[in-house]
file work.cif (mmCIF, C-alpha atoms)
data_run
loop_
_atom_site.label_atom_id
_atom_site.label_comp_id
_atom_site.auth_asym_id
_atom_site.auth_seq_id
_atom_site.Cartn_x
_atom_site.Cartn_y
_atom_site.Cartn_z
CA MET A 1 -70.06 51.38 63.89
CA PRO A 2 -72.03 53.51 61.39
CA SER A 3 -70.41 54.76 58.18
CA GLY A 4 -68.46 58.03 58.14
CA TYR A 5 -71.38 60.20 57.03
CA GLN A 6 -73.79 58.42 59.38
CA ALA A 7 -71.38 58.87 62.30
CA GLN A 8 -71.02 62.58 61.55
CA PHE A 9 -74.80 62.93 61.28
CA LEU A 10 -75.30 61.14 64.61
CA GLU A 11 -72.80 63.38 66.38
CA ARG A 12 -74.39 66.53 64.91
CA VAL A 13 -77.75 65.38 66.26
CA ALA A 14 -76.13 64.59 69.61
CA VAL A 15 -74.56 68.06 69.90
CA ARG A 16 -77.88 69.74 69.07
CA THR A 17 -79.67 67.47 71.55
CA PHE A 18 -77.16 68.29 74.28
CA HIS A 19 -77.76 72.00 73.68
CA ASP A 20 -81.49 71.39 74.04
CA LEU A 21 -81.01 69.48 77.29
CA LEU A 22 -78.86 72.25 78.76
CA ASP A 23 -81.36 74.91 77.73
CA THR A 24 -84.13 72.92 79.40
CA TRP A 25 -82.16 72.36 82.60
CA ILE A 26 -80.68 75.87 82.93
CA GLY A 27 -83.69 77.86 81.73
CA PRO A 28 -84.06 81.23 80.00
CA ASP A 29 -82.82 83.44 82.85
CA PHE A 30 -79.15 82.41 82.69
CA PRO A 31 -76.48 82.10 79.94
CA GLY A 32 -77.06 79.06 77.76
CA PRO A 33 -74.58 76.81 75.94
CA SER A 34 -72.27 78.32 73.33
CA ARG A 35 -69.41 77.33 71.07
CA LEU A 36 -68.34 80.84 70.12
CA GLU A 37 -65.44 81.38 72.53
CA PRO A 38 -62.43 81.95 70.24
CA ASP A 39 -59.93 80.12 72.46
CA LEU A 40 -62.09 77.01 72.67
CA GLN A 41 -62.95 76.30 69.06
CA LYS A 42 -62.09 72.59 69.37
CA ILE A 43 -64.56 72.12 72.21
CA ASP A 44 -68.08 71.11 71.20
CA VAL A 45 -70.09 72.85 73.93
CA THR A 46 -69.18 75.46 76.53
CA HIS A 47 -71.43 77.17 79.03
CA GLN A 48 -71.34 78.83 82.43
CA MET A 49 -73.57 77.95 85.36
CA PRO A 50 -74.78 80.69 87.71
CA ALA A 51 -73.47 80.57 91.27
CA LEU A 52 -76.63 82.23 92.68
CA SER A 53 -74.31 83.80 95.26
CA GLY A 54 -72.59 87.15 94.95
CA ASP A 55 -69.15 86.09 96.17
CA ILE A 56 -68.67 83.24 93.69
CA GLY A 57 -68.31 83.89 89.98
CA MET A 58 -69.89 81.94 87.16
CA ILE A 59 -68.96 78.25 87.07
CA PRO A 60 -67.56 77.15 83.67
CA PHE A 61 -68.33 73.86 81.94
CA SER A 62 -66.81 72.47 78.71
CA TRP A 63 -68.02 69.32 76.96
CA GLN A 64 -66.84 67.04 74.17
CA ILE A 65 -69.71 65.08 72.63
CA LYS A 66 -69.43 61.59 71.16
CA ALA A 67 -72.33 59.51 69.83
CA ARG A 68 -72.77 55.80 69.13
CA SER A 69 -75.68 53.85 67.70
CA ALA A 70 -75.09 51.06 70.26
CA ALA A 71 -73.36 50.83 73.62
CA PRO A 72 -69.59 50.22 73.46
CA ARG A 73 -68.12 47.13 75.07
CA GLU A 74 -68.31 47.11 78.86
CA VAL A 75 -65.04 46.49 80.75
CA THR A 76 -63.61 46.65 84.24
CA SER A 77 -61.44 49.77 83.99
CA ASP A 78 -58.26 50.30 85.97
CA LEU A 79 -58.33 53.97 85.00
CA VAL A 80 -61.74 54.84 86.50
CA HIS A 81 -61.84 51.91 88.98
CA ALA A 82 -65.32 50.90 87.88
CA ARG A 83 -67.27 49.06 85.22
CA ALA A 84 -67.13 51.27 82.16
CA TYR A 85 -68.03 51.64 78.51
CA ARG A 86 -64.76 51.56 76.56
CA LEU A 87 -65.09 54.18 73.84
CA HIS A 88 -62.37 53.46 71.24
CA LEU A 89 -60.91 56.60 69.67
CA GLU A 90 -57.82 57.51 67.69
CA ARG A 91 -54.82 57.75 70.00
CA HIS A 92 -53.94 61.21 68.70
CA TYR A 93 -57.47 62.37 69.52
CA VAL A 94 -57.16 61.15 73.13
CA THR A 95 -53.81 62.95 73.28
CA GLU A 96 -55.58 66.09 72.08
CA LEU A 97 -58.28 65.64 74.73
CA ALA A 98 -55.61 65.32 77.40
CA GLU A 99 -53.95 68.51 76.22
CA MET A 100 -57.26 70.40 76.18
CA SER A 101 -58.04 69.12 79.69
CA ARG A 102 -54.83 70.74 80.91
CA GLN A 103 -55.70 74.07 79.28
CA THR A 104 -59.29 74.45 80.49
CA SER A 105 -60.73 74.74 83.99
CA SER A 106 -63.15 71.90 83.27
CA LEU A 107 -63.64 69.38 80.48
CA TYR A 108 -66.13 66.52 80.37
CA LEU A 109 -66.83 63.90 77.73
CA ALA A 110 -70.49 63.11 77.16
CA LEU A 111 -71.29 59.85 75.35
CA ALA A 112 -74.67 59.69 73.64
CA ILE A 113 -75.97 56.15 72.98
CA VAL A 114 -79.04 55.85 70.77
CA ASP A 115 -81.98 54.99 73.00
CA GLY A 116 -83.50 51.91 71.38
CA LEU A 117 -82.96 50.61 67.86
CA GLY A 118 -85.30 51.00 64.90
CA GLY A 119 -88.60 52.83 65.02
CA THR A 120 -88.75 56.60 64.59
CA PRO A 121 -85.61 58.14 63.00
CA ILE A 122 -83.36 59.68 65.64
CA ALA A 123 -83.65 63.28 64.40
CA GLU A 124 -87.46 63.11 64.47
CA ARG A 125 -87.71 62.09 68.11
CA PRO A 126 -88.14 64.53 71.01
CA PRO A 127 -84.70 65.41 72.48
CA THR A 128 -85.33 63.44 75.67
CA LYS A 129 -86.12 60.26 73.67
CA ARG A 130 -83.05 60.21 71.45
CA PHE A 131 -80.12 59.14 73.60
CA ARG A 132 -78.93 57.74 76.89
CA TRP A 133 -76.09 59.93 78.15
CA TYR A 134 -72.97 58.96 80.12
CA ILE A 135 -70.26 61.37 81.25
CA VAL A 136 -66.71 61.41 82.64
CA ASP A 137 -64.41 64.17 83.89
CA LEU A 138 -61.57 64.25 81.36
CA LYS A 139 -59.28 66.22 83.68
CA GLN A 140 -59.41 63.39 86.22
CA TYR A 141 -59.33 60.66 83.58
CA CYS A 142 -56.34 62.05 81.70
CA SER A 143 -54.41 62.55 84.94
CA GLN A 144 -54.32 58.75 85.29
CA PHE A 145 -51.78 58.31 82.48
CA ASP A 146 -48.74 60.19 81.16
CA ARG A 147 -48.20 61.35 77.59
CA GLN A 148 -46.07 58.34 76.70
CA GLN A 149 -48.85 55.93 77.72
CA THR A 150 -51.88 57.58 76.18
CA PRO A 151 -54.56 54.92 75.52
CA ALA A 152 -56.58 54.73 72.33
CA TYR A 153 -59.85 54.85 74.25
CA VAL A 154 -61.78 56.65 76.98
CA ASP A 155 -63.52 54.63 79.71
CA ILE A 156 -66.87 56.09 80.82
CA PRO A 157 -68.24 54.57 84.07
CA VAL A 158 -71.60 52.89 83.50
CA GLN A 159 -72.97 54.47 86.70
CA ASN A 160 -72.30 57.97 85.35
CA ARG A 161 -75.63 58.15 83.52
CA LEU A 162 -76.49 61.79 82.97
CA ASN A 163 -79.88 63.21 83.81
CA LEU A 164 -81.01 66.40 85.53
CA ALA A 165 -80.36 65.05 89.04
CA LEU A 166 -76.74 64.16 88.22
CA PHE A 167 -76.17 67.39 86.28
CA SER A 168 -77.41 69.35 89.29
CA LEU A 169 -75.11 67.38 91.60
CA LEU A 170 -72.16 68.16 89.34
CA TRP A 171 -73.03 71.86 89.57
CA SER A 172 -73.34 71.53 93.36
CA ALA A 173 -69.95 69.83 93.66
CA LYS A 174 -68.17 72.44 91.53
CA TRP A 175 -69.90 75.21 93.50
CA VAL A 176 -68.65 73.85 96.83
CA LYS A 177 -65.13 73.38 95.45
CA ALA A 178 -65.12 77.04 94.33
CA TYR A 179 -66.61 78.15 97.66
CA PHE A 180 -63.82 76.63 99.74
CA GLU A 181 -60.99 77.43 97.31
CA PRO A 182 -59.83 80.45 99.39
CA LEU A 183 -59.15 78.19 102.39
CA HIS A 184 -56.58 76.29 100.32
CA LEU A 185 -54.45 79.42 100.00
CA HIS A 186 -50.92 79.06 101.35
CA ILE A 187 -50.38 82.17 103.47
CA VAL A 188 -46.78 82.74 104.48
CA ASP A 189 -46.37 83.43 108.21
CA SER A 190 -50.03 82.73 108.94
CA PRO A 191 -50.65 82.93 112.72
CA GLN A 192 -50.16 79.56 114.41
CA ALA A 193 -53.66 79.66 115.94
CA ILE A 194 -55.20 79.84 112.45
CA VAL A 195 -52.91 77.06 111.19
CA SER A 196 -53.96 74.87 114.14
CA LEU A 197 -57.65 75.51 113.47
CA LEU A 198 -57.24 74.59 109.79
CA LYS A 199 -55.33 71.41 110.66
CA SER A 200 -58.08 70.41 113.09
CA PHE A 201 -60.57 70.16 110.22
CA ALA A 202 -58.87 66.91 109.18
CA THR A 203 -59.53 65.40 112.63
CA GLU A 204 -62.75 63.61 113.55
CA LEU A 205 -64.88 65.60 115.99
CA THR A 206 -65.07 62.64 118.36
CA ASP A 207 -61.27 62.80 118.65
CA LEU A 208 -61.16 66.56 119.25
CA ARG A 209 -63.68 66.36 122.10
CA GLY A 210 -63.84 69.79 123.77
CA GLN A 211 -61.01 71.33 121.74
CA THR A 212 -63.17 72.84 118.99
CA GLY A 213 -64.25 75.84 121.05
CA ILE A 214 -60.70 76.49 122.27
CA LEU A 215 -59.24 76.31 118.76
CA LEU A 216 -61.92 78.66 117.45
CA GLY A 217 -61.50 81.10 120.32
CA ASP A 218 -57.73 81.23 119.81
CA ALA A 219 -57.94 81.71 116.02
CA VAL A 220 -60.55 84.47 115.77
CA PRO A 221 -58.49 87.26 117.41
CA GLU A 222 -55.65 86.46 114.98
CA LEU A 223 -57.74 86.77 111.82
CA PRO A 224 -57.32 90.58 111.45
CA ARG A 225 -53.57 90.02 111.03
CA LEU A 226 -54.32 88.42 107.66
CA ALA A 227 -55.82 91.72 106.46
CA ASP A 228 -52.25 93.01 106.21
CA VAL A 229 -51.19 90.31 103.71
CA LEU A 230 -54.39 89.67 101.71
CA ASN A 231 -56.35 92.08 99.57
CA PRO A 232 -59.67 93.16 101.16
CA GLU A 233 -61.87 90.89 99.02
CA THR A 234 -59.72 87.81 99.57
CA TYR A 235 -59.42 88.52 103.29
CA HIS A 236 -63.18 88.87 103.73
CA THR A 237 -63.85 85.67 101.79
CA TYR A 238 -61.16 83.75 103.67
CA ALA A 239 -62.39 84.94 107.08
CA ALA A 240 -66.05 84.24 106.27
CA ARG A 241 -65.36 80.69 105.03
CA LEU A 242 -63.16 79.91 108.04
CA ALA A 243 -65.82 81.34 110.34
CA ILE A 244 -68.57 79.13 108.93
CA VAL A 245 -66.55 75.91 109.09
CA GLY A 246 -65.09 76.62 112.53
CA SER A 247 -68.39 77.74 114.06
CA LEU A 248 -70.47 74.90 112.67
CA ARG A 249 -67.93 72.27 113.71
CA ASN A 250 -68.00 73.72 117.22
CA ILE A 251 -71.80 73.45 117.35
CA THR A 252 -71.68 69.90 116.03
CA ALA A 253 -69.09 68.90 118.63
CA MET A 254 -71.23 70.38 121.41
CA LEU A 255 -74.27 68.54 120.11
CA LEU A 256 -72.39 65.23 120.04
CA GLU A 257 -71.31 65.76 123.66
CA SER A 258 -74.84 66.63 124.78
CA SER A 259 -77.43 64.23 126.14
CA GLY A 260 -79.55 64.77 123.03
CA ALA A 261 -82.71 66.64 122.11
CA HIS A 262 -86.33 65.58 122.03
CA ARG A 263 -86.84 67.73 118.93
CA ILE A 264 -84.48 69.46 116.50
CA GLU A 265 -86.14 71.70 113.93
CA THR A 266 -84.40 74.22 111.69
CA TYR A 267 -85.44 76.70 109.04
CA SER A 268 -82.44 76.83 106.69
CA PRO A 269 -82.15 79.93 104.45
CA GLU A 270 -79.24 78.29 102.58
CA ALA A 271 -82.00 76.80 100.43
CA LEU A 272 -82.70 80.26 99.01
CA ALA A 273 -79.49 80.43 96.94
CA GLY A 274 -76.33 78.61 95.92
CA CYS A 275 -75.47 77.87 99.55
CA VAL A 276 -77.95 74.99 99.31
CA ASN A 277 -75.01 73.11 97.78
CA LEU A 278 -73.22 73.11 101.14
CA TRP A 279 -75.77 70.57 102.38
CA LEU A 280 -74.77 68.30 99.51
CA PHE A 281 -70.96 68.50 99.33
CA SER A 282 -69.61 70.21 102.46
CA ARG A 283 -67.93 67.81 104.90
CA THR A 284 -68.73 70.17 107.78
CA TYR A 285 -72.43 70.26 106.92
CA HIS A 286 -72.47 66.46 106.63
CA GLU A 287 -70.96 66.18 110.12
CA PHE A 288 -73.71 68.44 111.42
CA MET A 289 -76.46 66.52 109.63
CA ARG A 290 -75.26 63.17 110.96
CA ALA A 291 -74.93 64.56 114.50
CA THR A 292 -78.55 65.72 114.50
CA GLN A 293 -79.54 62.22 113.39
CA ILE A 294 -77.66 60.73 116.35
CA ARG A 295 -78.77 63.22 119.01
CA GLY A 296 -82.26 64.23 117.85
CA ASN A 297 -85.23 62.01 118.63
CA TYR A 298 -87.28 63.93 116.08
CA ASN A 299 -85.70 65.92 113.25
CA LYS A 300 -87.44 68.37 110.96
CA ARG A 301 -86.01 70.68 108.31
CA LEU A 302 -87.81 73.53 106.58
CA LEU A 303 -86.24 74.55 103.26
CA PRO A 304 -87.55 77.94 102.06
CA PHE A 305 -87.75 79.14 98.48
CA ALA A 306 -88.75 82.51 97.10
CA HIS A 307 -91.00 81.55 94.16
CA SER A 308 -94.76 81.26 94.20
CA THR A 309 -94.75 77.66 92.89
CA LEU A 310 -92.16 74.94 92.35
CA ASP A 311 -92.78 75.17 88.61
CA GLU A 312 -91.12 78.62 88.60
CA VAL A 313 -87.82 77.39 90.06
CA PRO A 314 -85.01 76.82 87.51
CA ARG A 315 -84.77 73.09 86.93
CA PHE A 316 -81.14 72.65 87.95
CA PHE A 317 -81.87 74.43 91.25
CA LEU A 318 -85.10 72.55 91.80
CA ALA A 319 -83.15 69.31 91.39
CA ALA A 320 -80.64 70.56 93.99
CA LEU A 321 -83.49 71.13 96.47
CA TYR A 322 -84.77 67.67 95.70
CA ASN A 323 -81.32 66.13 96.22
CA VAL A 324 -81.07 67.87 99.61
CA ARG A 325 -84.50 66.59 100.56
CA ARG A 326 -83.52 63.07 99.56
CA LEU A 327 -80.20 63.27 101.45
CA TYR A 328 -81.94 64.51 104.60
CA GLY A 329 -84.48 61.71 104.24
CA THR A 330 -81.75 59.08 104.44
CA LEU A 331 -80.75 60.68 107.77
CA ASN A 332 -84.28 60.25 109.17
CA ALA A 333 -85.21 63.92 108.99
CA GLU A 334 -88.66 65.07 107.99
CA VAL A 335 -88.22 67.64 105.23
CA ALA A 336 -90.61 70.24 103.89
CA ILE A 337 -90.11 72.88 101.21
CA VAL A 338 -91.88 76.06 102.34
CA GLN A 339 -92.52 79.57 101.13
CA MET A 340 -90.04 82.16 102.40
CA LEU A 341 -91.71 84.32 105.05
CA GLY A 342 -90.87 88.00 104.50
CA GLU A 343 -87.46 89.55 105.15
CA ASP A 344 -87.10 87.60 108.38
CA GLY A 345 -87.28 84.50 106.22
CA ARG A 346 -83.68 85.09 105.13
CA GLN A 347 -82.42 84.39 108.66
CA ASP A 348 -81.81 81.10 110.47
CA HIS A 349 -84.48 79.92 112.91
CA SER A 350 -84.12 76.80 115.01
CA TYR A 351 -85.31 74.82 117.99
CA TRP A 352 -83.06 72.37 119.83
CA SER A 353 -85.01 71.46 122.99
CA ASP A 354 -82.35 71.49 125.74
CA ALA A 355 -79.50 69.96 123.74
CA LEU A 356 -77.57 73.25 123.51
CA ARG A 357 -77.92 76.41 125.51
CA ALA A 358 -75.18 78.70 124.21
CA PHE A 359 -72.49 78.48 121.57
CA GLN A 360 -69.76 80.56 119.98
CA TRP A 361 -70.34 81.86 116.48
CA VAL A 362 -67.92 83.90 114.40
CA GLU A 363 -69.45 86.92 112.67
CA VAL A 364 -67.80 88.69 109.73
CA ASP A 365 -69.46 91.92 108.62
CA ALA A 366 -69.36 93.55 105.18
CA ASP A 367 -66.22 95.52 106.13
CA GLY A 368 -64.36 92.39 107.16
CA TYR A 369 -64.64 93.08 110.89
CA VAL A 370 -64.52 89.78 112.80
CA ARG A 371 -65.90 89.07 116.23
CA LEU A 372 -66.70 86.01 118.30
CA SER A 373 -70.20 86.22 119.74
CA GLU A 374 -72.08 83.96 122.11
CA SER A 375 -75.58 83.05 121.08
CA HIS A 376 -78.33 81.10 122.77
CA ILE A 377 -79.29 78.40 120.34
CA SER A 378 -82.42 77.13 122.09
CA ALA A 379 -85.14 78.94 120.23
CA THR A 380 -86.82 82.01 121.63
CA SER A 381 -90.59 82.37 121.58
CA ASN A 382 -90.16 84.38 118.35
CA ASP A 383 -88.27 81.49 116.73
CA LEU A 384 -90.94 79.01 117.76
CA GLU A 385 -93.66 81.27 116.38
CA PHE A 386 -91.74 81.68 113.12
CA LEU A 387 -91.25 77.91 112.74
CA HIS A 388 -94.96 77.36 113.37
CA ASP A 389 -95.88 79.95 110.72
CA ALA A 390 -93.40 78.43 108.22
CA GLU A 391 -94.90 74.97 108.73
CA GLY A 392 -98.19 76.44 107.53
CA GLN A 393 -96.61 77.45 104.21
CA VAL A 394 -95.59 73.98 103.04
CA VAL A 395 -95.25 73.59 99.27
CA ALA A 396 -93.87 70.05 99.21
CA ALA A 397 -93.42 67.68 102.12
CA HIS A 398 -91.45 64.47 102.55
CA GLY A 399 -92.95 61.47 100.83
CA LEU A 400 -95.47 60.84 98.10
CA SER A 401 -96.76 64.42 98.01
CA LEU A 402 -93.57 65.35 96.15
CA LEU A 403 -94.75 63.46 93.10
CA ARG A 404 -98.43 64.18 92.83
CA GLY A 405 -99.28 63.23 89.28
CA GLY A 406 -95.77 61.81 88.82
CA THR A 407 -93.94 65.14 88.96
CA PHE A 408 -92.00 67.36 91.35
CA GLY A 409 -92.28 70.95 90.17
CA GLY A 410 -92.88 69.68 86.64
CA LEU A 411 -90.08 67.10 86.80
CA ALA A 412 -90.74 63.39 86.35
CA TYR A 413 -89.00 60.35 87.84
CA PRO A 414 -86.43 59.93 85.01
CA ASP A 415 -85.24 63.50 85.68
CA LEU A 416 -84.62 62.84 89.36
CA CYS A 417 -83.59 59.20 89.81
CA LEU A 418 -79.97 58.23 90.44
CA GLU A 419 -78.11 55.06 89.54
CA SER A 420 -77.55 52.49 92.28
CA VAL A 421 -73.77 53.09 92.41
CA ARG A 422 -72.01 56.37 93.19
CA PRO A 423 -70.48 58.07 90.10
CA ALA A 424 -66.77 57.55 89.47
CA CYS A 425 -64.22 59.93 87.95
CA LEU A 426 -66.74 62.76 87.94
CA PHE A 427 -67.07 64.87 91.11
CA PRO A 428 -64.11 66.92 92.41
CA GLU A 429 -61.86 64.90 94.68
CA GLU A 430 -62.66 64.90 98.39
CA ASP A 431 -60.58 66.91 100.86
CA ILE A 432 -60.99 68.33 104.36
CA PHE A 433 -63.77 70.65 103.14
CA LEU A 434 -65.46 68.72 100.31
CA GLU A 435 -67.14 65.33 100.77
CA HIS A 436 -69.40 63.38 98.42
CA PRO A 437 -72.96 62.76 99.70
CA ILE A 438 -72.57 58.97 99.76
CA GLU A 439 -75.93 58.49 101.46
CA LEU A 440 -77.63 59.46 98.18
CA TRP A 441 -76.54 56.09 96.80
CA SER A 442 -77.45 54.10 99.90
CA ALA A 443 -80.14 51.43 99.84
CA SER A 444 -82.48 53.59 101.93
CA SER A 445 -82.17 56.54 99.53
CA LEU A 446 -82.78 54.44 96.44
CA SER A 447 -85.82 52.78 97.98
CA MET A 448 -87.42 56.08 99.04
CA ASP A 449 -90.61 57.31 97.42
CA VAL A 450 -89.55 60.12 95.13
#

call {"tool": "encode", "arguments": {"input": "work.cif", "output": "structure tokens"}}
result
Amino acid sequence: MPSGYQAQFLERVAVRTFHDLLDTWIGPDFPGPSRLEPDLQKIDVTHQMPALSGDIGMIPFSWQIKARSAAPREVTSDLVHARAYRLHLERHYVTELAEMSRQTSSLYLALAIVDGLGGTPIAERPPTKRFRWYIVDLKQYCSQFDRQQTPAYVDIPVQNRLNLALFSLLWSAKWVKAYFEPLHLHIVDSPQAIVSLLKSFATELTDLRGQTGILLGDAVPELPRLADVLNPETYHTYAARLAIVGSLRNITAMLLESSGAHRIETYSPEALAGCVNLWLFSRTYHEFMRATQIRGNYNKRLLPFAHSTLDEVPRFFLAALYNVRRLYGTLNAEVAIVQMLGEDGRQDHSYWSDALRAFQWVEVDADGYVRLSESHISATSNDLEFLHDAEGQVVAAHGLSLLRGGTFGGLAYPDLCLESVRPACLFPEEDIFLEHPIELWSASSLSMDV
């Protein structure tokens, strides 16, 4: 442990370095880190991440920074259920952290460990060469003990090593949690058909069999009744979220019951904005992705983006695209990032061979009007032509072309690699809507060319 002045110096350098990392990852077009909020003076770093979607507000982050010249002792922690660095702190300080975690919407501890001993003084190194970073969600951690049993330490899981890829995943997870928050509302006297549809989301699709379409068809006519008890904005958000989950689960169930498809190819405009995060942390999207792996002999995904080059994409969002590409790769889908093609490029386009012919999809317009439409999912000639044109606008394809010269849109391997074990005590807890992308930490994902 360094002396008092040396420890203070190290933590000052760590706080400045963390600011620099955030500025690099977030970029100049969005709010950067700050410590000027009057109600949060005890918190080292606060910032807000953009949602990149109009119906979700900014996503707040708060961080406490601690620095050490060497790694703390590694233990098997009962609090985080993982191998962890045990960071010894004054008990009253941990009590203070616990109290702050109850008062803020998010609070993380970031541990900076000097990267290598000796050599160039720490303050004279480039920010990326100063520390190895490890993080833990203090709200989850402090919920594991009561005030009478506050420990004199914080355990930080060794697999929670922070880099751009993990930071982007944390943003993605918090985005999806915020996205589905309306569906957790308790609505008194909600129509039974809507209650039944919501309850069905906790049931495996293979157990529901042909019930998904019936549940959806019964619930949709009842949705306008909620407009009488919810304000217009909440009603529209609630109906739209329920429509997406219900409709997509119905498609997935139909696909699982089909005889399969020779080719499944989709152009997914979710990649244009914050909705890209649904591919990473939505349980419903994961069900769909796994079903296409089972039923599609050949899978291809086109992920559009609206910039002229990958280098122009904000780094946190570029990492999200990369994480989606990597997740799809573990599910045996060929993935290509393509240029968005005109205004029509903001719409879904797909080809499913003969796996599905028609399906029910819930539509919610800007005024909150809800209707159940029947669409033919096998692509029209226009869809096929669009997919062919999009394939000609590939920016980055699956495989080694993503890292020509060792970079992906200006990012190098250390920015994008993940540890071999899934993070612990970090992402929001799973529920019927949110699920962690466990395939990202599978052997096939970690062995992929990045």

call {"tool": "resolve_selection", "arguments": {"input": "work.cif", "expression": "the PyMOL selection byres ((chain A and resi 317) around 10)", "output": "list in words"}}
result
Trp25, Ile26, Leu52, Leu164, Ala165, Ser168, Leu169, Trp171, Ser172, Ala271, Leu272, Ala273, Gly274, Val276, Asn277, Val313, Pro314, Arg315, Phe316, Leu318, Ala319, Ala320, Leu321, Tyr322 and Asn323 of chain A

call {"tool": "residues_around", "arguments": {"input": "work.cif", "residues": "Thr284 in chain A", "least_positions_apart": "6", "cutoff": "7 Å", "atoms": "all atoms listed in the file", "output": "PyMOL selection string"}}
result
chain A and resi 245+249+433

call {"tool": "residues_around", "arguments": {"input": "work.cif", "residues": "range 382-389 of chain A", "least_positions_apart": "6", "cutoff": "8 Å", "atoms": "only C-alpha atoms", "output": "PyMOL selection string"}}
result
chain A and resi 266-267+349-351

call {"tool": "closest_residue", "arguments": {"input": "work.cif", "among": "A:Glu11, A:Glu312, A:Thr104, A:Gln293", "to": "Gly27 in chain A", "atoms": "all atoms listed in the file"}}
result
A:Glu312

call {"tool": "resolve_selection", "arguments": {"input": "work.cif", "expression": "the PyMOL selection byres ((chain A and resi 227-233) around 12)", "output": "ChimeraX atom specification"}}
result
/A:55-56,182,185-191,222-226,234-240,366-370

call {"tool": "closest_residue", "arguments": {"input": "work.cif", "among": "A:Asp155, A:Asp115, A:Asp20, A:Asp311", "to": "Ser69 in chain A", "atoms": "all atoms listed in the file"}}
result
A:Asp115

call {"tool": "resolve_selection", "arguments": {"input": "work.cif", "expression": "the PyMOL selection byres ((chain A and resi 19) around 10)", "output": "list in words"}}
result
Val13, Ala14, Val15, Arg16, Thr17, Phe18, Asp20, Leu21, Leu22, Asp23, Thr24, Trp25, Gly32, Pro33, Ser34, Val45, Thr46, His47 and Pro127 of chain A

call {"tool": "write_last_selection", "arguments": {"input": "work.cif", "atoms": "C-alpha atoms", "output": "PDB file, in the frame of the given file"}}
result
ATOM      1  CA  VAL A  13     -77.750  65.380  66.260  1.00  0.00           C
ATOM      2  CA  ALA A  14     -76.130  64.590  69.610  1.00  0.00           C
ATOM      3  CA  VAL A  15     -74.560  68.060  69.900  1.00  0.00           C
ATOM      4  CA  ARG A  16     -77.880  69.740  69.070  1.00  0.00           C
ATOM      5  CA  THR A  17     -79.670  67.470  71.550  1.00  0.00           C
ATOM      6  CA  PHE A  18     -77.160  68.290  74.280  1.00  0.00           C
ATOM      7  CA  ASP A  20     -81.490  71.390  74.040  1.00  0.00           C
ATOM      8  CA  LEU A  21     -81.010  69.480  77.290  1.00  0.00           C
ATOM      9  CA  LEU A  22     -78.860  72.250  78.760  1.00  0.00           C
ATOM     10  CA  ASP A  23     -81.360  74.910  77.730  1.00  0.00           C
ATOM     11  CA  THR A  24     -84.130  72.920  79.400  1.00  0.00           C
ATOM     12  CA  TRP A  25     -82.160  72.360  82.600  1.00  0.00           C
ATOM     13  CA  GLY A  32     -77.060  79.060  77.760  1.00  0.00           C
ATOM     14  CA  PRO A  33     -74.580  76.810  75.940  1.00  0.00           C
ATOM     15  CA  SER A  34     -72.270  78.320  73.330  1.00  0.00           C
ATOM     16  CA  VAL A  45     -70.090  72.850  73.930  1.00  0.00           C
ATOM     17  CA  THR A  46     -69.180  75.460  76.530  1.00  0.00           C
ATOM     18  CA  HIS A  47     -71.430  77.170  79.030  1.00  0.00           C
ATOM     19  CA  PRO A 127     -84.700  65.410  72.480  1.00  0.00           C
TER      20      PRO A 127
END

call {"tool": "atom_distance", "arguments": {"input": "work.cif", "atom1": "CA of Gly410 in chain A", "atom2": "CA of Leu310 in chain A"}}
result
7.8 Å

call {"tool": "atom_distance", "arguments": {"input": "work.cif", "atom1": "CA of Val158 in chain A", "atom2": "CA of Ala84 in chain A"}}
result
4.9 Å

call {"tool": "decode", "arguments": {"input": "work.cif", "residues": "range 177-184 of chain A", "atoms": "N, CA and C atoms", "output": "PDB file, in the first residue's frame"}}
result
ATOM      1  N   LYS A 177     -33.057  -2.693 -20.056  1.00  0.00           N
ATOM      2  CA  LYS A 177     -33.820  -2.615 -18.805  1.00  0.00           C
ATOM      3  C   LYS A 177     -34.767  -1.412 -18.839  1.00  0.00           C
ATOM      4  N   ALA A 178     -34.265  -0.254 -19.288  1.00  0.00           N
ATOM      5  CA  ALA A 178     -35.114   0.938 -19.377  1.00  0.00           C
ATOM      6  C   ALA A 178     -36.212   0.755 -20.419  1.00  0.00           C
ATOM      7  N   TYR A 179     -35.896   0.076 -21.512  1.00  0.00           N
ATOM      8  CA  TYR A 179     -36.849  -0.121 -22.603  1.00  0.00           C
ATOM      9  C   TYR A 179     -38.064  -0.911 -22.134  1.00  0.00           C
ATOM     10  N   PHE A 180     -37.836  -1.958 -21.346  1.00  0.00           N
ATOM     11  CA  PHE A 180     -38.938  -2.821 -20.923  1.00  0.00           C
ATOM     12  C   PHE A 180     -39.543  -2.421 -19.577  1.00  0.00           C
ATOM     13  N   GLU A 181     -39.040  -1.345 -18.979  1.00  0.00           N
ATOM     14  CA  GLU A 181     -39.551  -0.920 -17.676  1.00  0.00           C
ATOM     15  C   GLU A 181     -41.064  -0.714 -17.679  1.00  0.00           C
ATOM     16  N   PRO A 182     -41.655  -0.132 -18.733  1.00  0.00           N
ATOM     17  CA  PRO A 182     -43.117   0.060 -18.726  1.00  0.00           C
ATOM     18  C   PRO A 182     -43.901  -1.237 -18.562  1.00  0.00           C
ATOM     19  N   LEU A 183     -43.386  -2.346 -19.075  1.00  0.00           N
ATOM     20  CA  LEU A 183     -44.122  -3.609 -18.988  1.00  0.00           C
ATOM     21  C   LEU A 183     -44.115  -4.196 -17.577  1.00  0.00           C
ATOM     22  N   HIS A 184     -43.342  -3.592 -16.675  1.00  0.00           N
ATOM     23  CA  HIS A 184     -43.355  -4.033 -15.279  1.00  0.00           C
ATOM     24  C   HIS A 184     -44.375  -3.247 -14.447  1.00  0.00           C
TER      25      HIS A 184
END
